[in-house]
$ cat data-v7.txt   # compact mmCIF, C-alpha atoms
# COMPACT_ATOMS: atom_id res chain seq x y z
CA MET A 1 74.29 94.44 111.63
CA GLY A 2 71.02 94.14 113.44
CA ARG A 3 69.62 91.59 115.83
CA ALA A 4 65.84 91.49 116.23
CA GLU A 5 66.01 89.51 119.48
CA LEU A 6 67.71 92.48 121.18
CA PHE A 7 64.88 94.87 120.30
CA ASP A 8 61.93 95.08 122.69
CA PRO A 9 59.00 96.61 120.76
CA ASP A 10 57.16 97.38 124.01
CA LEU A 11 59.91 99.76 125.17
CA VAL A 12 60.45 101.72 121.96
CA THR A 13 57.97 103.12 119.44
CA PRO A 14 58.61 102.44 115.75
CA MET A 15 59.45 106.12 115.18
CA GLU A 16 61.96 106.05 118.06
CA PHE A 17 63.51 102.96 116.49
CA ILE A 18 63.83 104.72 113.12
CA ALA A 19 65.31 107.80 114.83
CA ALA A 20 67.89 105.69 116.67
CA PHE A 21 68.70 103.73 113.53
CA TRP A 22 69.05 107.02 111.67
CA VAL A 23 71.53 108.44 114.19
CA ILE A 24 73.64 105.27 114.10
CA GLY A 25 73.46 105.26 110.30
CA GLU A 26 74.71 108.85 110.16
CA ILE A 27 77.77 107.87 112.19
CA LEU A 28 78.48 104.97 109.85
CA LEU A 29 77.99 107.15 106.79
CA MET A 30 80.49 109.75 107.99
CA GLU A 31 83.08 107.35 106.63
CA PRO A 32 83.78 108.57 103.05
CA GLU A 33 84.29 105.00 101.77
CA SER A 34 80.70 104.15 102.73
CA GLN A 35 79.44 107.15 100.78
CA VAL A 36 81.43 106.17 97.69
CA ASN A 37 81.20 102.37 97.81
CA GLY A 38 77.86 101.87 99.54
CA PHE A 39 77.24 99.38 102.33
CA VAL A 40 76.06 95.85 103.06
CA GLY A 41 73.61 95.10 105.87
CA VAL A 42 73.10 91.88 107.80
CA VAL A 43 69.97 91.43 109.91
CA ASP A 44 69.50 88.50 112.25
CA CYS A 45 65.74 87.92 112.35
CA LYS A 46 65.93 85.36 115.17
CA GLY A 47 63.45 86.49 117.80
CA PHE A 48 61.35 88.59 115.39
CA SER A 49 57.82 87.90 116.55
CA TYR A 50 54.20 88.94 116.30
CA ARG A 51 54.95 91.58 118.98
CA HIS A 52 57.46 93.13 116.56
CA SER A 53 55.34 92.82 113.43
CA LYS A 54 52.20 94.37 114.94
CA LYS A 55 54.15 97.60 115.56
CA ILE A 56 54.95 98.02 111.86
CA SER A 57 52.42 99.92 109.78
CA LEU A 58 52.26 100.44 106.03
CA THR A 59 52.93 104.16 106.62
CA LEU A 60 56.07 103.29 108.57
CA ILE A 61 57.22 100.93 105.82
CA LYS A 62 56.73 103.58 103.13
CA LEU A 63 58.57 106.15 105.27
CA GLY A 64 61.52 103.81 105.74
CA ILE A 65 61.73 103.09 102.02
CA ARG A 66 61.46 106.79 101.14
CA LEU A 67 64.19 107.70 103.62
CA ALA A 68 66.51 104.95 102.39
CA LYS A 69 65.97 105.83 98.74
CA ASN A 70 65.94 109.63 98.84
CA VAL A 71 67.80 110.76 101.95
CA VAL A 72 70.63 108.34 102.79
CA PRO A 73 73.86 109.58 101.20
CA ALA A 74 75.06 106.06 100.40
CA MET A 75 73.66 103.24 98.33
CA PRO A 76 72.93 99.92 100.00
CA LYS A 77 74.59 97.12 98.02
CA ARG A 78 72.90 94.14 99.63
CA LEU A 79 70.77 93.31 102.64
CA HIS A 80 71.24 89.81 104.00
CA LEU A 81 68.59 88.35 106.31
CA ILE A 82 69.44 85.33 108.43
CA ASN A 83 67.32 83.19 110.73
CA GLN A 84 64.12 84.54 109.22
CA ASN A 85 60.84 83.03 110.33
CA HIS A 86 57.16 83.16 109.34
CA PHE A 87 56.69 86.74 110.57
CA THR A 88 59.73 87.93 108.59
CA THR A 89 58.46 86.24 105.43
CA VAL A 90 54.97 87.73 105.80
CA LEU A 91 56.40 91.20 106.44
CA TYR A 92 58.61 90.93 103.34
CA LYS A 93 55.60 89.94 101.21
CA ILE A 94 53.79 93.06 102.44
CA ILE A 95 56.79 95.31 101.83
CA LYS A 96 57.95 93.94 98.46
CA PRO A 97 55.30 95.68 96.26
CA PHE A 98 56.43 99.05 97.66
CA LEU A 99 60.14 98.45 97.15
CA PRO A 100 61.88 99.88 94.11
CA ARG A 101 62.97 96.95 91.90
CA GLU A 102 66.67 97.58 92.61
CA TYR A 103 66.03 97.35 96.36
CA ALA A 104 64.00 94.13 96.09
CA GLU A 105 66.82 92.54 94.09
CA MET A 106 69.44 93.32 96.72
CA ILE A 107 67.63 91.48 99.55
CA HIS A 108 68.88 87.95 100.16
CA PHE A 109 67.42 85.38 102.55
CA HIS A 110 69.80 82.80 104.01
CA GLY A 111 67.77 81.13 106.76
CA ASP A 112 70.23 79.56 109.18
CA ASN A 113 72.80 78.86 106.44
CA LEU A 114 75.70 81.03 107.56
CA GLU A 115 78.03 79.37 105.03
CA GLU A 116 75.87 80.84 102.26
CA LEU A 117 76.07 84.26 103.96
CA HIS A 118 79.87 83.93 104.02
CA GLU A 119 79.87 83.58 100.22
CA PHE A 120 78.67 87.20 100.11
CA VAL A 121 80.15 88.69 103.28
CA PRO A 122 83.66 87.69 104.40
CA ARG A 123 83.97 86.31 107.92
CA GLU A 124 86.45 89.12 108.69
CA CYS A 125 83.54 91.60 108.34
CA LEU A 126 81.09 89.75 110.60
CA LEU A 127 80.56 89.40 114.33
CA GLU A 128 81.23 86.02 115.91
CA CYS A 129 77.48 85.51 116.41
CA PHE A 130 77.16 85.54 112.59
CA GLY A 131 80.02 83.09 112.12
CA GLY A 132 82.55 85.88 111.73
CA THR A 133 85.82 86.71 113.40
CA ILE A 134 84.90 90.04 115.05
CA ARG A 135 84.27 89.77 118.78
CA ASP A 136 80.80 90.93 119.77
CA PRO A 137 81.39 94.30 121.41
CA GLN A 138 79.91 94.70 124.85
CA ILE A 139 79.02 98.39 124.83
CA THR A 140 77.65 99.99 127.98
CA GLU A 141 75.02 102.72 127.91
CA GLU A 142 77.70 105.19 129.04
CA GLN A 143 80.02 104.22 126.16
CA TYR A 144 77.15 104.51 123.71
CA ARG A 145 76.18 107.94 125.06
CA ASP A 146 79.82 109.09 124.82
CA LEU A 147 79.94 107.94 121.20
CA MET A 148 76.78 109.89 120.39
CA LEU A 149 78.15 113.01 122.12
CA LYS A 150 81.41 112.70 120.17
CA PHE A 151 79.42 113.38 116.99
CA ASP A 152 77.20 116.08 118.47
CA ALA A 153 78.75 118.89 116.38
CA GLU A 154 78.25 116.86 113.19
CA TYR A 155 74.59 116.23 114.08
CA LYS A 156 74.02 119.93 114.66
CA ALA A 157 75.63 120.74 111.30
CA LEU A 158 73.47 118.12 109.54
CA ASN A 159 70.33 119.54 111.15
CA ASP A 160 71.19 122.98 109.75
CA LEU A 161 71.03 121.63 106.19
CA GLY A 162 67.91 121.52 104.03
CA TYR A 163 64.71 123.51 104.07
CA ARG A 164 63.48 125.34 107.12
CA THR A 165 59.86 125.90 107.94
CA ASN A 166 58.42 127.92 110.74
CA LEU A 167 54.94 126.67 111.45
CA THR A 168 54.60 128.63 114.67
CA SER A 169 54.85 132.02 112.95
CA ARG A 170 52.20 131.21 110.34
CA LYS A 171 49.22 133.56 110.52
CA THR A 172 45.83 131.91 110.69
$ encode --input "data-v7.txt" --output "structure tokens"
Amino acid sequence: MGRAELFDPDLVTPMEFIAAFWVIGEILLMEPESQVNGFVGVVDCKGFSYRHSKKISLTLIKLGIRLAKNVVPAMPKRLHLINQNHFTTVLYKIIKPFLPREYAEMIHFHGDNLEELHEFVPRECLLECFGGTIRDPQITEEQYRDLMLKFDAEYKALNDLGYRTNLTSRKT
């Protein structure tokens, strides 16, 4: 679940945002059920503004789509957007031609109609701010850091996978 109003685009670059999102996603995907069954995302677009949209480039959009499609070890089932505004709609129109058809079909816009969202996502799976029954966790920076450190060994193991290149030893 994401909340645009909590993200200050002047404090974080788009690549830092993707990196942070990636780390959080890796924690969530360590759950085997997510890998087998996929996942559902809910994004609250309230507060998404021109300041946010001007930080998003076509290159960044293509990178995000490529990562989601080819790298994430779980399939997204649906992405629900709530409280979308003009900037969200414009951004979606820019992104849509680059989305694989199956991704475009899984995106659902609900506006401020949380009852419609609840037809897809049970209240028991949503935070109170989305009309759900889960209390909004108040996580301190220290608790968040401790959570990241708890998975440090897993991150190191994941970073050892894949292809290695050594650009510094290349002869010119």
$ residues_around --input "data-v7.txt" --residues "His118 (chain A)" --least-positions-apart "4" --cutoff "9 Å" --atoms "all atoms listed in the file" --output "list of chain:residue names"
A:Leu114, A:Pro122, A:Arg123, A:Leu126, A:Gly131, A:Gly132
$ write_last_selection --input "data-v7.txt" --atoms "C-alpha atoms" --output "compact mmCIF listing (two decimals), in the coordinates of the input"
# COMPACT_ATOMS: atom_id res chain seq x y z
CA LEU A 114 75.70 81.03 107.56
CA PRO A 122 83.66 87.69 104.40
CA ARG A 123 83.97 86.31 107.92
CA LEU A 126 81.09 89.75 110.60
CA GLY A 131 80.02 83.09 112.12
CA GLY A 132 82.55 85.88 111.73
$ residues_around --input "data-v7.txt" --residues "Leu127 (chain A)" --least-positions-apart "3" --cutoff "12 Å" --atoms "all atoms listed in the file" --output "ChimeraX atom specification"
/A:1-3,42-44,114,118,121-124,130-138
$ closest_residue --input "data-v7.txt" --among "A:Leu28, A:Ala74, A:Val40, A:Ile56" --to "Phe120 (chain A)" --atoms "all atoms listed in the file"
A:Val40
$ closest_atom_pairs --input "data-v7.txt" --of "region 1-62 of chain A" --to "region 94-106 of chain A" --cutoff "12 Å" --atoms "only C-alpha atoms" --output "Markdown table"
| residue | atom | partner | partner_atom | distance |
| --- | --- | --- | --- | --- |
| A:Phe39 | CA | A:Met106 | CA | 11.4 |
| A:Val40 | CA | A:Met106 | CA | 9.5 |
| A:Gly41 | CA | A:Met106 | CA | 10.2 |
| A:Val42 | CA | A:Met106 | CA | 11.8 |
| A:Ser53 | CA | A:Ile94 | CA | 11.1 |
| A:Ile56 | CA | A:Ile95 | CA | 10.6 |
| A:Ser57 | CA | A:Ile94 | CA | 10.1 |
| A:Leu58 | CA | A:Ile95 | CA | 8.0 |
| A:Thr59 | CA | A:Ile95 | CA | 10.8 |
| A:Leu60 | CA | A:Ile95 | CA | 10.5 |
| A:Ile61 | CA | A:Ile95 | CA | 6.9 |
| A:Lys62 | CA | A:Phe98 | CA | 7.1 |
$ closest_residue --input "data-v7.txt" --among "A:Leu147, A:Cys45, A:Ile18, A:Ile107" --to "Pro76 (chain A)" --atoms "all atoms listed in the file"
A:Ile107
$ residues_around --input "data-v7.txt" --residues "Leu149 (chain A)" --least-positions-apart "6" --cutoff "12 Å" --atoms "only C-alpha atoms" --output "list of chain:residue names"
A:Val23, A:Ile27, A:Glu142, A:Gln143, A:Tyr155, A:Lys156
$ closest_residue --input "data-v7.txt" --among "A:Asn159, A:Asn70, A:Asn83, A:Asn113" --to "Gly47 (chain A)" --atoms "only C-alpha atoms"
A:Asn83
$ atom_distance --input "data-v7.txt" --atom1 "CA of Arg78 (chain A)" --atom2 "CA of Ser34 (chain A)"
13.1 Å
$ atom_distance --input "data-v7.txt" --atom1 "CA of Phe87 (chain A)" --atom2 "CA of Asp112 (chain A)"
15.4 Å
$ atom_distance --input "data-v7.txt" --atom1 "CA of Ala20 (chain A)" --atom2 "CA of Ala153 (chain A)"
17.1 Å
